[in-house]
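K.L.:
Quick one: the structure is below, and I'll ask about it shortly.
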Amino acid sequence: MSSNISMILAKLNKKDPNKLSLNIMDLLKKNITDFKKVEIAGPGFININLSNKALISIINKIFKEGKSFGSYKAKYSYNIEFVSANPTGPMHVGHSRGAIYGDVLSNLLKFNGNKVIKEYYINDYGNQINNFVKSVFLRIREIKYNESFVNEKELYPGDYIIEIANKILSKSKLKFNSLKDNYNFLTKESLKYSMEMIKSDLKKLGISHDSFISEKSIVNSKTVIKAINQLKRSNYVEEGFLEPPKGIKNEDWKKTKRLIFKSTLFGDDTNRALQKNDGSWTYFANDLAYHFNKVSRNYDRLINILGADHTGYIRRIEGAVKALSKNKQILHCKVCQLVKLYKDGSPFKMSKRSGDFISVNDLLNEVNKDSIRFMMLNRSNDVELEFDFDKVLEKSKDNPVFYVQYCHARIQSIFRTIDFKSKKNKQVKIGDINFNKYEKEILKKVFEWPKIIKIASNKYEPHRIPFYLYELATLFHSYWSKGNEDEKFKFIKKGNIDKSKLLMMQLVLIVLQNGMKILNVSLPNKM
RNA sequence: GCGCCCUUAGCUCAGUUGGAUAGAGCAUCGGUUUUCUAAACCGAGGGUCGUAGGUUCGAAUCCUUCAGGGCGCGCCA
């Protein structure tokens, strides 16, 4: 164990850290007997070797905590919105990253005792939906009346549209003469089937949401007006004109008076329109209303998981939450960078519109859920993730999930061999326990687990968990193999096992199980 | 033009909210299997942490400059 307390105190008091360390060391030696050795190293670190007595008391504490080892008591309520993929088709590989990130972040926060609502915002309103429904209609015409499907720019050509068309046809005897006459029916049915597809994809990835909120229902409930009225009163919304957009040309742009949200007050580049040319609400206006609804549900903390292509949206919506909650609630937007898909050694472009994207379902047909989950978290969410289709399909040693699972399988293998069963309420006593240096390394790693959880939770960085588990597994595999070189490091000798080894393995097991439970990745007993 | 993210070994990336001699995997080279699971392990080579400054006992980490890459910049959703 090591402490940098002297350096911190030195900074505060402007004193020499080495001198402070000497003083602290004296105090420690006088007052505490749990230390075997205390010494000063480097610029003023205090290194402490724990006595067996102290070690045992820590181990007993871990056994007592068991499934909650690593967690700390927090009791905030969270709303985490993630996935929220448009209901115009199945999920693609890019969506799965945010989905898994959000899901594991939720598990992590729950592990610490927080209450978490996992929410999905269904964008079942607007032009995309019109185009989606039109696509379904045209496919129906194609099937029923042999009219060829002309692929216009705005339409969705993917095969799943044909599937939806077939499903609708098999249940309905309507003639489908005009889109207009069948519009409401088609919209309802198409959305039902596309959401079924998405939910099924999510389920296969091990993800389920607690709450689904429909954009259309927000619009119909007039929440938009309520939200905007409140913002008008606090002077965040006004009628006015906006400058022409700087980024891309838009021929439809017109300078007319409309309601705008003053997002520049929150660091945005420009104020944002709440109304379109024709006076109808923009997507942002509806989203504002949705977040008004979220704010009214009184969570302690709001989190949105967004794709990289929505970074420009963050200032606006975070500002909106501040304005709507009168600075009482804070929305944190976390961004997942792109997933770059590689196949046959070259980049594989995804496009939802063209219909040639790799869907989550395609992926799941070839790679198991555990590997996908682990791989998607094996990067910080802030960096692009290279997903090598071929490599993941190989199911080889390149895949780190196997490595961690294998560690678990080896421990279980030992337990099987000696017919060991974990007992409840075990109390370890000081006796013939004597950890060697390899075991101490592993214990040290196990003791780090709560710190990993704390950082991962505070920073919303669940990727730290797979990295940590991988490191723990490395130490274990390394120690295991010592037995190949030297008989005395064999775990089992003549059917017996050292008490210290048994303890060490039980501790590793606790951490592996707690960690993988948060990741929702399985731990097979045999591989 | 503006905003956000990134730049660490040949490649892909970690890096403890500022700590000790910067770490893994892959790739390269060389070793280890009558076994408690070799889906594993051990060893070797490989670094000016993009650049230039600053903050301090101490910087890959914080601040500023510049360069390179990605994403975005709608009255689409």
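Quick note on naming: the chains in the structure tokens go A, B, ... in the order shown, residues restart at 1 in each chain, and ligands are numbered from 1 in order of appearance.
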Please find the residues of chain B near chain A - the criterion being any atom within 12 Å, counting only C-alpha atoms (C1' of nucleotides) - and write them as a PyMOL selection string.
P.N.:
chain B and resi 1-7+12-21+23-26+32-33+35-42+56-58+69-77
K.L.:
Between CA of Ser71 in chain A and CA of Asp300 in chain A, what is the spacing in Å?
P.N.:
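Separating CA of Asp300 in chain A from CA of Ser71 in chain A is a distance of 19.2 Å.
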K.L.:
Quick one: distance from CA of Phe241 in chain A to CA of Lys262 in chain A in Å, one decimal?
P.N.:
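About the pair CA of Phe241 in chain A and CA of Lys262 in chain A: they are 11.5 Å apart.
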K.L.:
From a DSSP pass on the backbone, collect the residues of range 179-418 of chain A flagged as strand (DSSP E) and hand them back as number ranges by chain.
P.N.:
A: 211-214, 237-240, 258-261, 272-273, 301-307, 331-336, 339-343, 346-348, 385-388
K.L.:
Please write the residues from the selection above to a file, keeping N, CA and C atoms, as a compact mmCIF listing (two decimals), in the first residue's frame.
P.N.:
# COMPACT_ATOMS: atom_id res chain seq x y z
N SER A 211 -38.64 2.40 -19.85
CA SER A 211 -39.61 3.41 -20.23
C SER A 211 -39.44 3.79 -21.70
N PHE A 212 -40.56 3.83 -22.41
CA PHE A 212 -40.54 4.27 -23.80
C PHE A 212 -41.43 5.50 -23.91
N ILE A 213 -40.87 6.60 -24.38
CA ILE A 213 -41.67 7.81 -24.51
C ILE A 213 -41.77 8.16 -25.99
N SER A 214 -43.00 8.37 -26.45
CA SER A 214 -43.21 8.65 -27.86
C SER A 214 -43.25 10.15 -28.13
N VAL A 237 -37.10 32.48 -24.28
CA VAL A 237 -37.69 32.34 -25.61
C VAL A 237 -38.25 33.68 -26.04
N GLU A 238 -38.01 34.03 -27.31
CA GLU A 238 -38.57 35.27 -27.81
C GLU A 238 -38.90 35.12 -29.29
N GLU A 239 -39.63 36.07 -29.82
CA GLU A 239 -39.87 36.09 -31.26
C GLU A 239 -38.77 36.89 -31.92
N GLY A 240 -38.26 36.39 -33.04
CA GLY A 240 -37.19 37.13 -33.68
C GLY A 240 -36.73 36.50 -34.98
N ARG A 258 -40.05 34.29 -36.10
CA ARG A 258 -40.52 33.03 -35.50
C ARG A 258 -40.03 32.96 -34.05
N LEU A 259 -40.51 31.97 -33.31
CA LEU A 259 -40.05 31.78 -31.93
C LEU A 259 -38.66 31.15 -31.93
N ILE A 260 -37.80 31.74 -31.13
CA ILE A 260 -36.45 31.16 -31.01
C ILE A 260 -36.06 30.99 -29.55
N PHE A 261 -35.21 29.99 -29.32
CA PHE A 261 -34.67 29.72 -27.98
C PHE A 261 -33.28 30.34 -27.90
N ARG A 272 -31.58 29.11 -31.49
CA ARG A 272 -32.17 28.02 -32.26
C ARG A 272 -33.67 28.21 -32.50
N ALA A 273 -34.07 27.88 -33.72
CA ALA A 273 -35.47 28.04 -34.10
C ALA A 273 -36.35 27.01 -33.43
N ARG A 301 -30.56 13.22 -11.44
CA ARG A 301 -29.63 13.43 -12.55
C ARG A 301 -30.17 12.88 -13.87
N LEU A 302 -29.94 13.65 -14.92
CA LEU A 302 -30.37 13.23 -16.25
C LEU A 302 -29.14 12.98 -17.11
N ILE A 303 -29.18 11.88 -17.83
CA ILE A 303 -28.06 11.56 -18.73
C ILE A 303 -28.63 11.20 -20.10
N ASN A 304 -28.05 11.77 -21.15
CA ASN A 304 -28.38 11.35 -22.51
C ASN A 304 -27.15 10.76 -23.16
N ILE A 305 -27.32 9.63 -23.79
CA ILE A 305 -26.21 9.04 -24.54
C ILE A 305 -26.45 9.32 -26.01
N LEU A 306 -25.52 10.04 -26.63
CA LEU A 306 -25.72 10.44 -28.03
C LEU A 306 -24.64 9.86 -28.93
N GLY A 307 -24.96 9.81 -30.21
CA GLY A 307 -23.96 9.43 -31.20
C GLY A 307 -23.11 10.63 -31.55
N LEU A 331 -28.47 18.22 -17.06
CA LEU A 331 -28.42 17.12 -18.02
C LEU A 331 -26.98 16.93 -18.46
N HIS A 332 -26.51 15.69 -18.38
CA HIS A 332 -25.18 15.37 -18.91
C HIS A 332 -25.35 14.59 -20.20
N CYS A 333 -24.76 15.11 -21.25
CA CYS A 333 -24.78 14.37 -22.52
C CYS A 333 -23.44 13.69 -22.71
N LYS A 334 -23.48 12.40 -22.87
CA LYS A 334 -22.25 11.66 -23.14
C LYS A 334 -22.29 11.20 -24.60
N VAL A 335 -21.17 11.35 -25.25
CA VAL A 335 -21.12 11.04 -26.68
C VAL A 335 -20.33 9.76 -26.93
N CYS A 336 -20.88 8.90 -27.73
CA CYS A 336 -20.12 7.74 -28.19
C CYS A 336 -19.61 8.03 -29.59
N VAL A 339 -18.34 3.96 -34.68
CA VAL A 339 -17.81 2.61 -34.82
C VAL A 339 -17.39 2.47 -36.28
N LYS A 340 -16.12 2.19 -36.47
CA LYS A 340 -15.64 1.97 -37.84
C LYS A 340 -15.64 0.48 -38.10
N LEU A 341 -16.38 0.11 -39.07
CA LEU A 341 -16.51 -1.30 -39.36
C LEU A 341 -15.50 -1.71 -40.43
N TYR A 342 -14.77 -2.77 -40.16
CA TYR A 342 -13.82 -3.27 -41.15
C TYR A 342 -14.23 -4.66 -41.60
N LYS A 343 -14.14 -4.86 -42.88
CA LYS A 343 -14.45 -6.18 -43.41
C LYS A 343 -13.51 -6.43 -44.58
N SER A 346 -10.85 -3.75 -45.41
CA SER A 346 -11.13 -2.37 -45.81
C SER A 346 -12.37 -1.85 -45.10
N PRO A 347 -12.46 -0.53 -44.98
CA PRO A 347 -13.59 0.06 -44.26
C PRO A 347 -14.92 -0.32 -44.90
N PHE A 348 -15.89 -0.49 -44.07
CA PHE A 348 -17.21 -0.89 -44.53
C PHE A 348 -18.18 0.22 -44.17
N LEU A 385 -14.07 3.60 -32.42
CA LEU A 385 -13.87 2.18 -32.15
C LEU A 385 -13.77 1.42 -33.46
N GLU A 386 -12.68 0.69 -33.57
CA GLU A 386 -12.50 -0.10 -34.77
C GLU A 386 -13.08 -1.47 -34.52
N PHE A 387 -14.09 -1.78 -35.25
CA PHE A 387 -14.72 -3.09 -35.07
C PHE A 387 -14.39 -3.95 -36.28
N ASP A 388 -13.44 -4.83 -36.08
CA ASP A 388 -13.00 -5.67 -37.19
C ASP A 388 -13.90 -6.90 -37.28
K.L.:
Out of range 199-438 of chain A, which residues get helix (DSSP H, G or I) from DSSP, as a VMD selection string?
P.N.:
chain A and resid 199 to 204 215 to 220 223 to 233 263 to 266 283 to 296 308 to 324 360 to 366 369 to 376 389 to 394 400 to 417 437 to 438
